[in-house]
$ cat coords-v2.cif   # mmCIF, C-alpha atoms
data_input
#
loop_
_atom_site.label_atom_id
_atom_site.label_comp_id
_atom_site.auth_asym_id
_atom_site.auth_seq_id
_atom_site.Cartn_x
_atom_site.Cartn_y
_atom_site.Cartn_z
CA MET K 152 -9.86 2.53 17.37
CA VAL K 153 -6.07 2.33 17.46
CA ASN K 154 -4.51 -1.11 17.07
CA GLU K 155 -2.14 -2.38 19.73
CA VAL K 156 1.43 -1.50 18.78
CA GLU K 157 4.76 -2.05 20.51
CA LEU K 158 6.54 1.13 21.54
CA GLU K 159 10.29 1.37 21.94
CA PRO K 160 11.82 3.09 25.01
CA ASN K 161 11.24 6.87 24.97
CA GLU K 162 8.48 6.59 22.37
CA ARG K 163 4.91 7.80 22.76
CA LEU K 164 1.69 7.43 20.79
CA ASP K 165 0.28 10.87 20.00
CA ASP K 166 -3.27 11.67 18.94
CA LEU K 167 -3.33 13.57 15.62
CA LEU K 168 -6.72 14.98 16.70
CA THR K 169 -8.34 14.21 13.37
CA HIS K 170 -10.18 11.15 12.05
CA GLU K 171 -9.03 9.14 15.11
CA LEU K 172 -5.47 8.92 13.79
CA TYR K 173 -2.41 8.34 15.97
CA ILE K 174 1.33 8.61 15.37
CA ILE K 175 4.44 7.30 17.14
CA GLN K 176 6.89 10.00 18.18
CA SER K 177 9.98 10.41 20.34
CA ARG K 178 11.95 13.34 21.66
CA GLU K 179 15.11 11.56 20.53
CA VAL K 180 14.28 12.00 16.84
CA PHE K 181 12.78 14.76 14.74
CA SER K 182 9.01 15.00 15.26
CA PHE K 183 6.61 16.40 12.69
CA SER K 184 5.65 20.06 12.80
CA MET K 185 3.18 22.46 11.21
CA ASP K 186 4.87 22.44 7.79
CA ALA K 187 3.99 18.77 7.29
CA VAL K 188 0.36 19.34 8.27
CA LEU K 189 0.04 22.30 5.90
CA LEU K 190 1.59 20.37 3.02
CA ALA K 191 -0.79 17.44 3.55
CA ARG K 192 -3.70 19.89 3.23
CA PHE K 193 -2.23 22.00 0.40
CA ALA K 194 -1.38 19.22 -2.05
CA ALA K 195 -4.02 18.57 -4.71
CA VAL K 196 -4.69 14.84 -4.47
CA PRO K 197 -6.87 12.61 -6.66
CA PRO K 198 -9.67 10.53 -5.12
CA ARG K 199 -7.80 7.43 -6.27
CA GLY K 200 -4.53 6.63 -8.00
CA LYS K 201 -0.96 6.56 -6.66
CA ILE K 202 0.81 9.05 -4.38
CA ILE K 203 4.34 9.02 -3.00
CA ASP K 204 5.70 11.03 -0.08
CA LEU K 205 9.47 11.61 0.03
CA CYS K 206 11.43 12.45 3.20
CA THR K 207 8.43 11.07 5.06
CA GLY K 208 9.99 11.09 8.55
CA ASN K 209 7.63 9.30 10.91
CA GLY K 210 4.93 9.16 8.25
CA VAL K 211 2.64 12.01 9.25
CA ILE K 212 1.90 13.22 5.71
CA PRO K 213 0.74 9.80 4.40
CA LEU K 214 -1.42 9.37 7.50
CA LEU K 215 -3.07 12.75 7.00
CA LEU K 216 -3.53 12.20 3.27
CA THR K 217 -5.70 9.15 4.00
CA THR K 218 -8.35 11.56 5.30
CA ARG K 219 -8.58 13.10 1.81
CA THR K 220 -8.10 10.25 -0.66
CA LYS K 221 -8.42 6.51 -1.23
CA ALA K 222 -5.27 6.53 -3.39
CA ALA K 223 -2.47 4.05 -2.69
CA ILE K 224 0.30 5.91 -0.85
CA ASP K 225 3.99 4.98 -0.83
CA ALA K 226 6.41 6.79 1.46
CA VAL K 227 10.23 6.85 1.58
CA GLU K 228 12.50 7.63 4.55
CA ILE K 229 16.26 7.19 4.67
CA GLN K 230 16.63 7.05 8.47
CA PRO K 231 15.99 3.47 9.69
CA ARG K 232 14.56 4.50 13.04
CA LEU K 233 12.09 6.96 11.55
CA ALA K 234 11.07 4.52 8.82
CA ASP K 235 10.38 1.88 11.50
CA MET K 236 8.30 4.35 13.52
CA ALA K 237 6.33 5.23 10.38
CA LYS K 238 5.65 1.55 9.64
CA ARG K 239 4.38 0.94 13.16
CA SER K 240 2.21 4.07 13.02
CA VAL K 241 0.61 2.76 9.83
CA GLU K 242 -0.02 -0.58 11.55
CA ALA K 243 -1.46 1.15 14.62
CA ASN K 244 -4.01 2.94 12.45
CA GLY K 245 -4.92 -0.14 10.44
CA LEU K 246 -3.78 1.46 7.17
CA THR K 247 -1.33 -1.13 5.86
CA GLU K 248 -3.51 -1.75 2.78
CA GLN K 249 -3.31 1.92 1.76
CA ILE K 250 0.15 3.05 2.95
CA LYS K 251 3.47 1.34 2.27
CA ILE K 252 6.59 2.66 4.02
CA TYR K 253 10.00 2.10 2.42
CA GLU K 254 13.37 2.62 4.06
CA GLY K 255 15.55 3.97 1.28
CA ASP K 256 17.43 6.77 -0.43
CA LEU K 257 15.31 8.90 -2.77
CA ARG K 258 18.37 9.28 -5.01
CA GLU K 259 18.05 5.55 -5.78
CA PHE K 260 14.38 4.81 -5.10
CA HIS K 261 13.08 6.43 -8.27
CA LYS K 262 15.04 4.15 -10.62
CA GLN K 263 12.44 1.36 -10.70
CA ARG K 264 9.38 3.60 -10.42
CA GLN K 265 9.76 6.31 -13.03
CA GLY K 266 6.51 8.02 -13.95
CA MET K 267 4.44 5.78 -11.66
CA TYR K 268 2.79 8.42 -9.47
CA ASP K 269 -0.02 10.93 -9.89
CA VAL K 270 1.24 13.09 -7.02
CA VAL K 271 4.55 13.48 -5.19
CA THR K 272 4.71 15.30 -1.86
CA VAL K 273 7.95 16.25 -0.15
CA ASN K 274 8.91 18.08 3.03
CA PRO K 275 12.69 18.13 2.51
CA PRO K 276 15.54 19.37 4.70
CA TYR K 277 15.55 23.14 4.43
CA MET K 278 19.22 23.93 5.00
CA PRO K 279 22.26 23.17 2.82
CA ALA K 280 24.79 20.73 4.25
CA GLY K 281 27.38 22.48 6.40
CA SER K 282 25.11 25.32 7.53
CA GLY K 283 23.59 25.86 10.98
CA ASP K 284 24.38 23.98 14.19
CA GLN K 285 26.74 21.10 13.40
CA ASN K 286 26.62 19.65 16.91
CA GLU K 287 22.93 18.84 17.09
CA ASN K 288 21.37 15.39 17.45
CA GLU K 289 22.16 13.28 14.37
CA HIS K 290 18.47 12.58 13.66
CA TYR K 291 17.67 16.30 13.81
CA ALA K 292 20.67 17.18 11.65
CA MET K 293 19.62 14.76 8.91
CA ALA K 294 16.06 16.11 8.95
CA ARG K 295 17.17 19.75 8.79
CA HIS K 296 20.24 19.67 6.55
CA GLU K 297 20.76 18.36 3.02
CA ARG K 298 23.15 15.61 4.11
CA ASN K 299 21.52 12.91 2.00
CA GLY K 300 20.67 14.85 -1.11
CA THR K 301 20.68 18.42 -2.35
CA LEU K 302 17.64 20.35 -3.51
CA GLU K 303 18.67 19.34 -7.04
CA ASN K 304 18.65 15.65 -6.05
CA ILE K 305 15.25 15.97 -4.37
CA VAL K 306 13.56 17.84 -7.24
CA GLY K 307 15.14 15.43 -9.73
CA ALA K 308 13.71 12.45 -7.85
CA CYS K 309 10.26 14.06 -7.79
CA ALA K 310 10.41 14.74 -11.52
CA ARG K 311 11.34 11.15 -12.31
CA LEU K 312 8.65 9.64 -10.08
CA VAL K 313 5.69 11.73 -11.24
CA ARG K 314 3.84 11.02 -14.49
CA THR K 315 3.32 13.61 -17.21
CA GLY K 316 0.46 15.81 -16.03
CA GLY K 317 1.03 14.75 -12.42
CA ARG K 318 1.78 17.14 -9.58
CA VAL K 319 4.63 17.72 -7.15
CA ALA K 320 3.89 19.58 -3.89
CA MET K 321 6.64 20.88 -1.60
CA VAL K 322 6.97 22.96 1.55
CA HIS K 323 10.17 24.92 2.09
CA ARG K 324 11.72 28.20 3.22
CA PRO K 325 10.77 31.38 1.30
CA SER K 326 14.45 32.35 1.16
CA ARG K 327 15.04 29.48 -1.29
CA LEU K 328 11.98 30.04 -3.47
CA VAL K 329 13.90 31.32 -6.50
CA GLU K 330 16.26 28.35 -6.32
CA ILE K 331 13.31 25.96 -5.96
CA MET K 332 11.48 27.39 -8.98
CA GLU K 333 14.59 27.43 -11.15
CA THR K 334 15.35 23.82 -10.24
CA MET K 335 11.78 22.69 -10.81
CA ARG K 336 11.69 24.25 -14.28
CA LYS K 337 15.04 22.67 -15.12
CA TRP K 338 13.40 19.29 -14.41
CA LYS K 339 10.25 20.16 -16.41
CA LEU K 340 8.15 20.76 -13.33
CA GLU K 341 6.20 23.94 -13.98
CA PRO K 342 5.22 25.86 -10.79
CA LYS K 343 1.44 26.34 -10.74
CA ARG K 344 0.42 27.33 -7.20
CA ILE K 345 2.32 29.18 -4.49
CA ARG K 346 1.15 30.08 -1.01
CA PHE K 347 3.15 31.90 1.65
CA VAL K 348 2.63 31.14 5.34
CA HIS K 349 3.04 33.96 7.88
CA PRO K 350 3.11 33.47 11.67
CA HIS K 351 1.24 36.81 12.11
CA LYS K 352 -0.38 39.22 9.67
CA ASP K 353 2.46 41.74 10.07
CA ALA K 354 5.28 39.18 9.99
CA GLU K 355 7.37 37.99 7.07
CA ALA K 356 6.55 34.59 5.62
CA ASN K 357 8.46 31.73 7.23
CA MET K 358 7.16 28.94 4.99
CA VAL K 359 6.17 28.59 1.35
CA LEU K 360 3.97 25.92 -0.21
CA ILE K 361 4.57 25.30 -3.90
CA GLU K 362 2.93 22.91 -6.34
CA ALA K 363 4.21 22.15 -9.84
CA LEU K 364 2.81 20.28 -12.85
CA ARG K 365 4.96 17.82 -14.77
CA ASP K 366 5.41 19.13 -18.36
CA GLY K 367 2.93 21.94 -17.70
CA LYS K 368 2.73 25.31 -19.45
CA PRO K 369 3.77 28.53 -17.66
CA ASP K 370 0.81 29.87 -15.68
CA ILE K 371 1.17 30.43 -11.94
CA LYS K 372 -1.32 31.36 -9.22
CA LEU K 373 -0.21 33.21 -6.11
CA LEU K 374 -2.76 32.17 -3.49
CA PRO K 375 -3.87 34.34 -0.55
CA PRO K 376 -1.40 34.22 2.36
CA LEU K 377 -2.05 31.83 5.21
CA ILE K 378 -1.84 33.59 8.58
CA VAL K 379 -1.21 31.22 11.47
CA TYR K 380 -2.08 33.25 14.61
CA ASN K 381 -4.70 35.90 15.24
CA GLU K 382 -4.32 38.93 17.50
CA GLN K 383 -5.20 36.79 20.54
CA ARG K 384 -2.23 34.51 19.72
CA GLN K 385 -4.60 31.68 18.90
CA TYR K 386 -4.75 29.72 15.66
CA ASN K 387 -6.76 31.50 13.00
CA GLU K 388 -9.96 29.82 11.86
CA GLU K 389 -8.37 28.35 8.72
CA LEU K 390 -5.55 26.79 10.75
CA MET K 391 -8.07 25.27 13.13
CA ARG K 392 -9.91 23.70 10.21
CA ILE K 393 -6.68 22.39 8.67
CA TYR K 394 -5.66 20.75 11.94
CA TYR K 395 -8.96 19.48 13.27
CA GLY K 396 -11.50 19.47 10.45
CA ASP K 397 -14.61 21.62 10.10
CA LYS K 398 -16.71 20.09 12.90
CA ALA K 399 -14.00 19.92 15.56
CA ALA K 400 -12.63 23.35 14.62
CA GLY K 401 -16.08 24.89 14.95
CA ALA K 402 -16.51 23.43 18.42
CA ALA K 403 -13.04 24.57 19.50
CA MET K 404 -13.61 28.13 18.26
CA ALA K 405 -16.96 28.32 20.00
CA GLU K 406 -15.32 27.20 23.22
CA ALA K 407 -12.60 29.81 22.82
CA ARG K 408 -15.20 32.56 22.31
CA ASN K 409 -17.09 31.47 25.42
CA THR K 410 -13.85 31.52 27.42
CA GLU K 411 -13.18 35.10 26.38
CA LYS K 412 -16.59 36.34 27.61
#
$ encode --input "coords-v2.cif" --output "structure tokens"
Amino acid sequence: MVNEVELEPNERLDDLLTHELYIIQSREVFSFSMDAVLLARFAAVPPRGKIIDLCTGNGVIPLLLTTRTKAAIDAVEIQPRLADMAKRSVEANGLTEQIKIYEGDLREFHKQRQGMYDVVTVNPPYMPAGSGDQNENEHYAMARHERNGTLENIVGACARLVRTGGRVAMVHRPSRLVEIMETMRKWKLEPKRIRFVHPHKDAEANMVLIEALRDGKPDIKLLPPLIVYNEQRQYNEELMRIYYGDKAAGAAMAEARNTEK
């Protein structure tokens, strides 16, 4: 049951459709999308320990990670409004003992927490500063463009926060994969697992999930591609299970098959 929480004007409380979780969102700021959900499922997380999520936005990844682990989860967001929304979402779900939201700059946050975490997850801005639409909403621009830290800054922060033998999981654009891997290796993060995400089976990948091991040895696995939509323009079975869990996904797919008959 969701706890009572105060919503600001133009905010809404959305159902995450899994484990009775809810999240505060608003059209005025950048809402979470599929990449965050896929990263929360892709990252290898320990049953317990310490996890940190960087560029957390409104906190969707920490919320989803609580369905997979009892680990303590910290999360960092530089935008005050998004950090506040994330804090209230955590309160709404009664998860304040497991998740701590911090408003801060990842370029500074790591200084007092070096090597503290078993896992770091990050869904960073995909586009370099100065590219794309420069007239968009400020909240959207900060979420999409590297205004508050370059890829180098982000990977460096991940490398400092994670312990030796710990893992860093990231979602990004395939067009920057070479740059990501080169930067990770520079910071002694050895890429171990890569998975490309394709909107359709005949389409180019539009997302890449990558996980690296701190101080690991070279040895990488290229996982099977994840195809989002089937030929009926519905989520594929794996996507349904990622979003809704095995039981709910099975019911939804059965309903879809009955509708087609």
$ residues_near_point --input "coords-v2.cif" --point "(-3.9, -0.6, 13.8)" --cutoff "9 Å" --atoms "only C-alpha atoms" --output "list in words"
Met152, Val153, Asn154, Glu155, Val156, Arg239, Ser240, Val241, Glu242, Ala243, Asn244, Gly245, Leu246 and Thr247 of chain K
$ closest_residue --input "coords-v2.cif" --among "K:Pro197, K:Pro160, K:Pro375, K:Pro350" --to "K:Leu216" --atoms "only C-alpha atoms"
K:Pro197
$ residues_around --input "coords-v2.cif" --residues "K:Asn387" --least-positions-apart "5" --cutoff "10 Å" --atoms "only C-alpha atoms" --output "PyMOL selection string"
chain K and resi 351+377-382+392+404
$ write_last_selection --input "coords-v2.cif" --atoms "C-alpha atoms" --output "CSV table (one decimal), in the frame of the given file"
chain,number,residue,atom,x,y,z
K,351,HIS,CA,1.2,36.8,12.1
K,377,LEU,CA,-2.0,31.8,5.2
K,378,ILE,CA,-1.8,33.6,8.6
K,379,VAL,CA,-1.2,31.2,11.5
K,380,TYR,CA,-2.1,33.2,14.6
K,381,ASN,CA,-4.7,35.9,15.2
K,382,GLU,CA,-4.3,38.9,17.5
K,392,ARG,CA,-9.9,23.7,10.2
K,404,MET,CA,-13.6,28.1,18.3
$ residues_around --input "coords-v2.cif" --residues "K:Met267" --least-positions-apart "5" --cutoff "8 Å" --atoms "all atoms listed in the file" --output "list in words"
Lys201, Leu312, Val313 and Arg314 of chain K
$ resolve_selection --input "coords-v2.cif" --expression "the PyMOL selection byres ((chain K and resi 255) around 6)" --output "list in words"
Glu228, Ile229, Tyr253, Glu254 and Asp256 of chain K
$ residues_around --input "coords-v2.cif" --residues "K:Ala226" --least-positions-apart "5" --cutoff "8 Å" --atoms "only C-alpha atoms" --output "PyMOL selection string"
chain K and resi 203-207+210+213+250-253
$ write_last_selection --input "coords-v2.cif" --atoms "C-alpha atoms" --output "PDB file, in the coordinates of the input"
ATOM      1  CA  ILE K 203       4.340   9.020  -3.000  1.00  0.00           C
ATOM      2  CA  ASP K 204       5.700  11.030  -0.080  1.00  0.00           C
ATOM      3  CA  LEU K 205       9.470  11.610   0.030  1.00  0.00           C
ATOM      4  CA  CYS K 206      11.430  12.450   3.200  1.00  0.00           C
ATOM      5  CA  THR K 207       8.430  11.070   5.060  1.00  0.00           C
ATOM      6  CA  GLY K 210       4.930   9.160   8.250  1.00  0.00           C
ATOM      7  CA  PRO K 213       0.740   9.800   4.400  1.00  0.00           C
ATOM      8  CA  ILE K 250       0.150   3.050   2.950  1.00  0.00           C
ATOM      9  CA  LYS K 251       3.470   1.340   2.270  1.00  0.00           C
ATOM     10  CA  ILE K 252       6.590   2.660   4.020  1.00  0.00           C
ATOM     11  CA  TYR K 253      10.000   2.100   2.420  1.00  0.00           C
TER      12      TYR K 253
END
$ closest_residue --input "coords-v2.cif" --among "K:Val273, K:Ala194, K:Val322, K:Leu168" --to "K:Ile305" --atoms "all atoms listed in the file"
K:Val273
$ atom_distance --input "coords-v2.cif" --atom1 "atom CA of K:Arg318" --atom2 "atom CA of K:Pro376"
21.1 Å
$ residues_near_point --input "coords-v2.cif" --point "(9.6, 26.3, -16.4)" --cutoff "12 Å" --atoms "only C-alpha atoms" --output "list in words"
Val329, Ile331, Met332, Glu333, Thr334, Met335, Arg336, Lys337, Trp338, Lys339, Leu340, Glu341, Pro342, Lys343, Ala363, Leu364, Arg365, Asp366, Gly367, Lys368, Pro369, Asp370 and Ile371 of chain K
$ write_last_selection --input "coords-v2.cif" --atoms "C-alpha atoms" --output "PDB file, in the coordinates of the input"
ATOM      1  CA  VAL K 329      13.900  31.320  -6.500  1.00  0.00           C
ATOM      2  CA  ILE K 331      13.310  25.960  -5.960  1.00  0.00           C
ATOM      3  CA  MET K 332      11.480  27.390  -8.980  1.00  0.00           C
ATOM      4  CA  GLU K 333      14.590  27.430 -11.150  1.00  0.00           C
ATOM      5  CA  THR K 334      15.350  23.820 -10.240  1.00  0.00           C
ATOM      6  CA  MET K 335      11.780  22.690 -10.810  1.00  0.00           C
ATOM      7  CA  ARG K 336      11.690  24.250 -14.280  1.00  0.00           C
ATOM      8  CA  LYS K 337      15.040  22.670 -15.120  1.00  0.00           C
ATOM      9  CA  TRP K 338      13.400  19.290 -14.410  1.00  0.00           C
ATOM     10  CA  LYS K 339      10.250  20.160 -16.410  1.00  0.00           C
ATOM     11  CA  LEU K 340       8.150  20.760 -13.330  1.00  0.00           C
ATOM     12  CA  GLU K 341       6.200  23.940 -13.980  1.00  0.00           C
ATOM     13  CA  PRO K 342       5.220  25.860 -10.790  1.00  0.00           C
ATOM     14  CA  LYS K 343       1.440  26.340 -10.740  1.00  0.00           C
ATOM     15  CA  ALA K 363       4.210  22.150  -9.840  1.00  0.00           C
ATOM     16  CA  LEU K 364       2.810  20.280 -12.850  1.00  0.00           C
ATOM     17  CA  ARG K 365       4.960  17.820 -14.770  1.00  0.00           C
ATOM     18  CA  ASP K 366       5.410  19.130 -18.360  1.00  0.00           C
ATOM     19  CA  GLY K 367       2.930  21.940 -17.700  1.00  0.00           C
ATOM     20  CA  LYS K 368       2.730  25.310 -19.450  1.00  0.00           C
ATOM     21  CA  PRO K 369       3.770  28.530 -17.660  1.00  0.00           C
ATOM     22  CA  ASP K 370       0.810  29.870 -15.680  1.00  0.00           C
ATOM     23  CA  ILE K 371       1.170  30.430 -11.940  1.00  0.00           C
TER      24      ILE K 371
END
$ closest_residue --input "coords-v2.cif" --among "K:Met391, K:Val188, K:Leu167, K:Met321" --to "K:Leu360" --atoms "all atoms listed in the file"
K:Met321
$ closest_residue --input "coords-v2.cif" --among "K:Asp235, K:Glu248, K:Asp397, K:Asp186" --to "K:His349" --atoms "all atoms listed in the file"
K:Asp186
$ atom_distance --input "coords-v2.cif" --atom1 "atom CA of K:Ala234" --atom2 "atom CA of K:Val180"
11.4 Å
$ closest_residue --input "coords-v2.cif" --among "K:Asn299, K:Asn274, K:Thr315, K:Ser177" --to "K:Gln230" --atoms "only C-alpha atoms"
K:Asn299
$ residues_around --input "coords-v2.cif" --residues "K:Leu164" --least-positions-apart "3" --cutoff "9 Å" --atoms "only C-alpha atoms" --output "list in words"
Leu158, Tyr173, Ile174, Ile175, Gln176, Ser177 and Ser240 of chain K
$ closest_residue --input "coords-v2.cif" --among "K:Pro231, K:Gln249, K:Val348, K:Pro279" --to "K:Gly200" --atoms "only C-alpha atoms"
K:Gln249
$ atom_distance --input "coords-v2.cif" --atom1 "atom CA of K:Thr218" --atom2 "atom CA of K:Gly317"
20.3 Å
$ residues_around --input "coords-v2.cif" --residues "K:Ile202" --least-positions-apart "3" --cutoff "7 Å" --atoms "only C-alpha atoms" --output "ChimeraX atom specification"
/K:222-225,268-271
$ resolve_selection --input "coords-v2.cif" --expression "the PyMOL selection byres ((chain K and resi 393) around 10)" --output "compact mmCIF listing (two decimals) with C-alpha atoms, in the coordinates of the input"
# COMPACT_ATOMS: atom_id res chain seq x y z
CA THR K 169 -8.34 14.21 13.37
CA VAL K 188 0.36 19.34 8.27
CA LEU K 189 0.04 22.30 5.90
CA ALA K 191 -0.79 17.44 3.55
CA ARG K 192 -3.70 19.89 3.23
CA PHE K 193 -2.23 22.00 0.40
CA GLU K 388 -9.96 29.82 11.86
CA GLU K 389 -8.37 28.35 8.72
CA LEU K 390 -5.55 26.79 10.75
CA MET K 391 -8.07 25.27 13.13
CA ARG K 392 -9.91 23.70 10.21
CA TYR K 394 -5.66 20.75 11.94
CA TYR K 395 -8.96 19.48 13.27
CA GLY K 396 -11.50 19.47 10.45
CA ASP K 397 -14.61 21.62 10.10
CA ALA K 400 -12.63 23.35 14.62
$ axis_aligned_box --input "coords-v2.cif" --around "stretch 199-206 of chain K" --padding-each-side "4 Å" --output "AutoDock Vina command-line options"
--center_x 1.8 --center_y 9.5 --center_z -2.4 --size_x 27.2 --size_y 13.9 --size_z 19.2
$ build_atoms --input "coords-v2.cif" --residues "stretch 345-358 of chain K" --atoms "N, CA, C and O atoms" --output "PDB file, in the frame of the given file"
ATOM      1  N   ILE K 345       1.419  28.806  -5.581  1.00  0.00           N
ATOM      2  CA  ILE K 345       2.320  29.180  -4.490  1.00  0.00           C
ATOM      3  C   ILE K 345       1.504  29.830  -3.380  1.00  0.00           C
ATOM      4  O   ILE K 345       0.618  30.656  -3.644  1.00  0.00           O
ATOM      5  N   ARG K 346       1.804  29.447  -2.153  1.00  0.00           N
ATOM      6  CA  ARG K 346       1.150  30.080  -1.010  1.00  0.00           C
ATOM      7  C   ARG K 346       2.169  30.319   0.095  1.00  0.00           C
ATOM      8  O   ARG K 346       2.877  29.391   0.503  1.00  0.00           O
ATOM      9  N   PHE K 347       2.245  31.557   0.556  1.00  0.00           N
ATOM     10  CA  PHE K 347       3.150  31.900   1.650  1.00  0.00           C
ATOM     11  C   PHE K 347       2.420  31.761   2.994  1.00  0.00           C
ATOM     12  O   PHE K 347       1.226  32.052   3.095  1.00  0.00           O
ATOM     13  N   VAL K 348       3.165  31.323   3.988  1.00  0.00           N
ATOM     14  CA  VAL K 348       2.630  31.140   5.340  1.00  0.00           C
ATOM     15  C   VAL K 348       3.325  32.130   6.264  1.00  0.00           C
ATOM     16  O   VAL K 348       4.562  32.168   6.335  1.00  0.00           O
ATOM     17  N   HIS K 349       2.513  32.927   6.974  1.00  0.00           N
ATOM     18  CA  HIS K 349       3.040  33.960   7.880  1.00  0.00           C
ATOM     19  C   HIS K 349       2.609  33.635   9.307  1.00  0.00           C
ATOM     20  O   HIS K 349       1.432  33.330   9.541  1.00  0.00           O
ATOM     21  N   PRO K 350       3.517  33.732  10.277  1.00  0.00           N
ATOM     22  CA  PRO K 350       3.110  33.470  11.670  1.00  0.00           C
ATOM     23  C   PRO K 350       2.074  34.474  12.170  1.00  0.00           C
ATOM     24  O   PRO K 350       1.171  34.109  12.924  1.00  0.00           O
ATOM     25  N   HIS K 351       2.195  35.753  11.769  1.00  0.00           N
ATOM     26  CA  HIS K 351       1.240  36.810  12.110  1.00  0.00           C
ATOM     27  C   HIS K 351       1.009  37.661  10.875  1.00  0.00           C
ATOM     28  O   HIS K 351       1.810  37.638   9.935  1.00  0.00           O
ATOM     29  N   LYS K 352      -0.043  38.436  10.864  1.00  0.00           N
ATOM     30  CA  LYS K 352      -0.380  39.220   9.670  1.00  0.00           C
ATOM     31  C   LYS K 352       0.672  40.258   9.334  1.00  0.00           C
ATOM     32  O   LYS K 352       0.797  40.657   8.166  1.00  0.00           O
ATOM     33  N   ASP K 353       1.444  40.726  10.325  1.00  0.00           N
ATOM     34  CA  ASP K 353       2.460  41.740  10.070  1.00  0.00           C
ATOM     35  C   ASP K 353       3.870  41.151   9.983  1.00  0.00           C
ATOM     36  O   ASP K 353       4.845  41.904   9.897  1.00  0.00           O
ATOM     37  N   ALA K 354       3.974  39.826  10.010  1.00  0.00           N
ATOM     38  CA  ALA K 354       5.280  39.180   9.990  1.00  0.00           C
ATOM     39  C   ALA K 354       5.635  38.684   8.596  1.00  0.00           C
ATOM     40  O   ALA K 354       4.753  38.417   7.771  1.00  0.00           O
ATOM     41  N   GLU K 355       6.920  38.574   8.330  1.00  0.00           N
ATOM     42  CA  GLU K 355       7.370  37.990   7.070  1.00  0.00           C
ATOM     43  C   GLU K 355       6.981  36.521   7.005  1.00  0.00           C
ATOM     44  O   GLU K 355       6.828  35.853   8.033  1.00  0.00           O
ATOM     45  N   ALA K 356       6.831  36.014   5.798  1.00  0.00           N
ATOM     46  CA  ALA K 356       6.550  34.590   5.620  1.00  0.00           C
ATOM     47  C   ALA K 356       7.720  33.750   6.115  1.00  0.00           C
ATOM     48  O   ALA K 356       8.882  34.103   5.902  1.00  0.00           O
ATOM     49  N   ASN K 357       7.402  32.646   6.802  1.00  0.00           N
ATOM     50  CA  ASN K 357       8.460  31.730   7.230  1.00  0.00           C
ATOM     51  C   ASN K 357       8.341  30.351   6.596  1.00  0.00           C
ATOM     52  O   ASN K 357       9.161  29.474   6.832  1.00  0.00           O
ATOM     53  N   MET K 358       7.310  30.164   5.772  1.00  0.00           N
ATOM     54  CA  MET K 358       7.160  28.940   4.990  1.00  0.00           C
ATOM     55  C   MET K 358       6.554  29.304   3.642  1.00  0.00           C
ATOM     56  O   MET K 358       5.852  30.308   3.514  1.00  0.00           O
TER      57      MET K 358
END
